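Peer 1: Sharing a structure, written as structure tokens. Questions coming.
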Amino acid sequence: MLYRYFIFILCISLTNAYAEVVLDGTLGPKVTLDRPNYAIGAELGQQHGGNLFHSFDRFSIDAGEIATFSGPNSVNNIISRVTGGYESQIDGILRTTIPQADFYLINPAGIMFGPNAILDVQGSFHASTADTLRLKNGGQFNASQPNNSLLTVAAPEAFGFLTPSPASLSINGSKLNVPLGKTFSVVGSNLQLQEETVIFSESGRINIASVAGKGDVTLKQDDLVLSAQPSDLEINTSLVSIGSRKDAGDIYIRAGRFTLLQSTLSADTFEAGDGNDIDIEANELTISGSRLLSNTYGFRQGGDITIKVLGSVKLYGSLIKANSLGENEGIGNSGSIYLEAAQLELIDGARISASTNSSGQAGNTNLKITGDIILSGENSQGKTSGIFASSYNTGNAGNLQIEAEQLILKDGAAIAAEAWSSGHGGNITIHVKESINLSGINSAKDRGSFITTTTKGSGNSGTMEIKTGQLHITDGGQIRAAVTENAKGQGGNIDIKAENITVSGKGGKWGESGIFASTMEKATGDAGNIFLAVQELNIQDGAKVGSSTFGTGKGGTVKVDANRIYLRGGGAILARSLEDAQGDAGSIAITTNTARLTQGSRIATSATQAGGGNIKLQVHKYLYLFDNSEITAHAGGTQTQDKGGNITIESPDIFRLDNSNLLANAYAGNGGKIDIATNDFKVFGNSRIDVSSELGLNGEFILNSTKIRDKDFAPLKLGQLPEFSPNRCVDLKETLNQFIITIRDISPPTPEDLKTHYYIP
């Protein structure tokens, strides 16, 4: 008995697998059409104005079969429904012969396109598992309840879903396209495109919507609107593409959970065509091993990529890119990227990029994330995850703007605005409410996580603005503005505002964690400046904040405005001219209530072959230097103009120097000046104050204090300071050294007083 039942079910399944085209008799004759060539003329349906309606009990086309719809040229829309409760399986050729007529097919029992399916239509094509097709002005063509239909001459405007569980729609390995400038639409539940499916429209439009319940999907001129709850959509090993050589078209995708696997969504603009956009709205978006591309190859604006997701967006080894790819004559600007979501993760080398390889301008990248952004991991080629705004030609790079609750970069991940040629780099603006965390290096141990603006050609680098609550840079993480080797462009500024900044540690061969503005060897462009506005700044365990030059360009200024500054474990704030650099070192200006330097930490300007930079500290309360820490302004240049930098310190309350140094030295040029104004200055241990020059004149040390005692300088042993020895310059007839201490209500020293090594009133 069970065996007979199995045979019965098998026979039913095999019978249903056969293709059939059967009219249901509601709009014309009830008849089964002859196969394999199904001729469906206007006499088998009803025409109302420009609408030709057909009603089928079953509608399926097998491989090798053809269903041809024909009628008068006055028909604008061929509208078909399937009422018998059988899924439509389209694995043959669906053809229309009416010029420019659009084709609609609704089947609430489901629709499946097979690998042999071919569209040979004259107009747009729309397929849906909706219950009814709504017409403008209140008409409708109902497939679930045919008697509730109201046929009018109005054009279709929406797919209506009347049940809580709509049927599925799938495309399995089909190659489907529509004529130039026309639209392709698939609207159903749990929609799937798989097995190397290809959907293409040239200068037209593609609509893909997956719905989960009651409501409408409305096709508007510049939108695809869902009032129904969205459902799952999966595009797997497939291509959805739109190209433009004339008028622009768009790709609209609406879904609940949207999964893109090993697939490509592309919107390409060719020659003089207008830009094609990709517009995605979903509850969740997962992209794995896939690409979302908007490219312009011609003279017009490329299309934008717009993604709005209620929940999370996760990219695994995938690429979202808007690019201008014109040849030398190509001047088309690339589109922009707009992404809104609750969470954003870029994993395993995933990247978001807007760039130009032409004279056209690159588009902007705007990421608005209400929760966290996480960038981590690398792909099999060693490319780490990142967000990029780049110019590789004469066109300028776009700007990069990021908003989030928290931003995390791990294991060599990057955010970069780059100018590789004569085009200028874009600006980076990052506003993160809670915290930004940069940590770790890549697997090759040659790059840490970083945020950078960079110029590698003659174009200027963009600027960087960061606002956050907490900024943590550890284990080789870096924020930097760079002018690379041989570059002629100017470096960009770094402007950071935060409640707390902590910079800590190193990252293998990559070097120290830090915030850097630099210009490299043979570069002529000046380094950018660094501005930090922070409540508490911590630099520790060998980490650094600083500007540097290795070329002829000048080093930048480092300016810090803080409430508290703590440098420990070799932490440093630097402005340097290094190695064979001819450019002068930059300067350092710090304003804070409290500053504490311990364990070999430094605030320093230095120049190997040029003049030293100046240091100015305004410390409103307490300044402490302990354990071999130092404040130095050194000039190692071989020219007489290469003077040591000046150090100016204002610390009204207390200044302590304990086993630490204050140095303003020079080699060929004159020594610098150390000028200290404090109410309470004490020196302990093996401390050193030095303003000497190897070949030039020694500098000045000026101390202005309201109270000072001899014992406060006991460890200095002023008469034994070699820094102030005039022996090698006795033939000069000018004052060589000045060590001035002034006290309130006491007259300043006279020129006769200054002939001595030091003056104590």
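So you can find residues: chains in the structure tokens are A, B, ... in the order shown, residues in each start at 1, and ligands are numbered from 1 in order.
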DSSP on the backbone, strand (DSSP E or B) only: what residues of region 537-627 of chain A does that give? Format it as number ranges by chain.
Peer 2: A: 537-540, 544-549, 558-568, 572-577, 588-597, 602-607, 615-625
Peer 1: Neighbours of Gly249 (chain A) within 9 Å (only C-alpha atoms; same-chain residues fewer than 5 positions away dropped), as a PyMOL selection string?
Peer 2: chain A and resi 181-183+201-206+242-244+267+274-277
Peer 1: Can you spit out the residues from that selection as a PDB file, in the first residue's frame, using C-alpha atoms?
Peer 2:
```pdb
ATOM      1  CA  GLY A 181      16.366  51.752 -21.458  1.00  0.00           C
ATOM      2  CA  LYS A 182      13.871  49.224 -20.061  1.00  0.00           C
ATOM      3  CA  THR A 183      13.223  47.872 -16.554  1.00  0.00           C
ATOM      4  CA  SER A 201      19.786  46.211 -18.213  1.00  0.00           C
ATOM      5  CA  GLU A 202      21.452  48.798 -20.430  1.00  0.00           C
ATOM      6  CA  SER A 203      20.480  52.376 -19.618  1.00  0.00           C
ATOM      7  CA  GLY A 204      17.467  50.960 -17.843  1.00  0.00           C
ATOM      8  CA  ARG A 205      16.537  49.890 -14.339  1.00  0.00           C
ATOM      9  CA  ILE A 206      16.581  46.778 -12.155  1.00  0.00           C
ATOM     10  CA  ILE A 242      23.316  47.927 -15.277  1.00  0.00           C
ATOM     11  CA  GLY A 243      25.275  49.863 -17.906  1.00  0.00           C
ATOM     12  CA  SER A 244      24.691  53.254 -19.453  1.00  0.00           C
ATOM     13  CA  ALA A 267      26.433  50.085 -12.223  1.00  0.00           C
ATOM     14  CA  ASP A 274      24.725  59.493 -17.198  1.00  0.00           C
ATOM     15  CA  GLY A 275      25.512  57.805 -13.902  1.00  0.00           C
ATOM     16  CA  ASN A 276      23.720  54.682 -12.706  1.00  0.00           C
ATOM     17  CA  ASP A 277      23.007  54.347  -8.998  1.00  0.00           C
TER      18      ASP A 277
END
```
Peer 1: Report, in Å with one decimal, the straight-line distance from CA of Ala666 (chain A) to CA of Ser693 (chain A).
Peer 2: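 Value for the CA of Ala666 (chain A)-CA of Ser693 (chain A) distance: 4.5 Å.
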Peer 1: For CA of Ala517 (chain A) and CA of Ser336 (chain A), determine how far apart the two atoms are, in Å to one decimal place.
Peer 2: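 These two atoms are separated by 28.0 Å.
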Peer 1: Using only C-alpha atoms, can you tell me which of A:Ser165, A:Thr132, A:Ser449, A:Thr519 comes closest to Asn147 (chain A)?
Peer 2: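 The shortest atom-to-atom distance to Asn147 (chain A) comes from A:Thr132.
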Peer 1: What gap, in Å, lies between CA of Phe516 (chain A) and CA of Ser385 (chain A)?
Peer 2: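 These atoms are spaced 21.5 Å apart.
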Peer 1: Determine the nearest neighbour of Thr370 (chain A) from the options A:Ala419, A:Leu180, A:Leu344, A:Ile615, counting only C-alpha atoms.
Peer 2: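 Looking at the shortest contact to Thr370 (chain A), the residue is A:Leu344.
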Peer 1: Taking 6 positions as the minimum chain separation for residues in the same chain, which residues sit within 10 Å of Gln262 (chain A) when counting only C-alpha atoms? Answer as a list in words.
Peer 2: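 With the cut-off at 10 Å, the set is Gln194, Glu196, Ile235, Asn236, Thr237, Ser238, Leu239, Ile287, Ser288, Gly289, Ser290, Arg291, Gly317 and Ser318 of chain A.
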Peer 1: Export N, CA and C atoms of the chosen residues as an mmCIF file, in the first residue's frame?
Peer 2:
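Ended up saving to part-v4.cif:
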```cif
data_model
loop_
_atom_site.group_PDB
_atom_site.id
_atom_site.type_symbol
_atom_site.label_atom_id
_atom_site.label_comp_id
_atom_site.auth_asym_id
_atom_site.auth_seq_id
_atom_site.Cartn_x
_atom_site.Cartn_y
_atom_site.Cartn_z
ATOM 1 N N GLN A 194 20.745 32.652 -7.975
ATOM 2 C CA GLN A 194 21.841 31.745 -7.677
ATOM 3 C C GLN A 194 22.311 31.015 -8.929
ATOM 4 N N GLU A 196 25.042 31.211 -10.863
ATOM 5 C CA GLU A 196 25.572 32.018 -11.969
ATOM 6 C C GLU A 196 24.477 32.696 -12.774
ATOM 7 N N ILE A 235 21.601 36.582 -3.061
ATOM 8 C CA ILE A 235 22.205 36.587 -4.391
ATOM 9 C C ILE A 235 23.523 35.839 -4.267
ATOM 10 N N ASN A 236 23.607 34.690 -4.932
ATOM 11 C CA ASN A 236 24.727 33.769 -4.736
ATOM 12 C C ASN A 236 25.358 33.435 -6.089
ATOM 13 N N THR A 237 26.671 33.669 -6.200
ATOM 14 C CA THR A 237 27.436 33.396 -7.431
ATOM 15 C C THR A 237 26.718 33.940 -8.663
ATOM 16 N N SER A 238 26.313 35.190 -8.604
ATOM 17 C CA SER A 238 25.524 35.790 -9.683
ATOM 18 C C SER A 238 25.998 37.205 -9.974
ATOM 19 N N LEU A 239 25.478 37.741 -11.094
ATOM 20 C CA LEU A 239 25.808 39.091 -11.524
ATOM 21 C C LEU A 239 24.526 39.865 -11.775
ATOM 22 N N ILE A 287 27.751 40.728 3.108
ATOM 23 C CA ILE A 287 28.405 40.647 1.807
ATOM 24 C C ILE A 287 29.686 39.857 1.979
ATOM 25 N N SER A 288 29.790 38.712 1.292
ATOM 26 C CA SER A 288 30.942 37.838 1.439
ATOM 27 C C SER A 288 31.535 37.513 0.074
ATOM 28 N N GLY A 289 32.818 37.820 -0.094
ATOM 29 C CA GLY A 289 33.499 37.519 -1.351
ATOM 30 C C GLY A 289 32.864 38.180 -2.553
ATOM 31 N N SER A 290 32.296 39.352 -2.391
ATOM 32 C CA SER A 290 31.503 39.991 -3.451
ATOM 33 C C SER A 290 31.950 41.426 -3.680
ATOM 34 N N ARG A 291 31.343 42.042 -4.730
ATOM 35 C CA ARG A 291 31.684 43.415 -5.087
ATOM 36 C C ARG A 291 30.425 44.220 -5.390
ATOM 37 N N GLY A 317 35.806 40.038 3.203
ATOM 38 C CA GLY A 317 36.618 39.954 1.997
ATOM 39 C C GLY A 317 35.942 40.531 0.773
ATOM 40 N N SER A 318 35.161 41.573 0.931
ATOM 41 C CA SER A 318 34.361 42.140 -0.157
ATOM 42 C C SER A 318 34.758 43.589 -0.418
#
```
Peer 1: Skip region 365-368 of chain A itself and residues of its chain fewer than 6 positions away, then list as a PyMOL selection string all residues within 9 Å of it, counting only C-alpha atoms.
Peer 2: chain A and resi 336-342+352-354+387-389+398-404
Peer 1: So that I can check the surroundings of region 459-469 of chain A, please list as a ChimeraX atom specification every protein, DNA and RNA residue that reaches within 7 Å of it, counting only C-alpha atoms and ignoring chain neighbours fewer than 5 positions away.
Peer 2: /A:419,421-436,453-454,489-500
Peer 1: Which residues, written as a list in words, have at least one atom at most 6 Å from region 407-409 of chain A, with only C-alpha atoms counted and residues fewer than 6 positions away on the same chain left out?
Peer 2: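 Within the cut-off, the hits are Asp372, Ile373, Ile374, Leu375, Ile436, Asn437, Leu438 and Ser449 of chain A.
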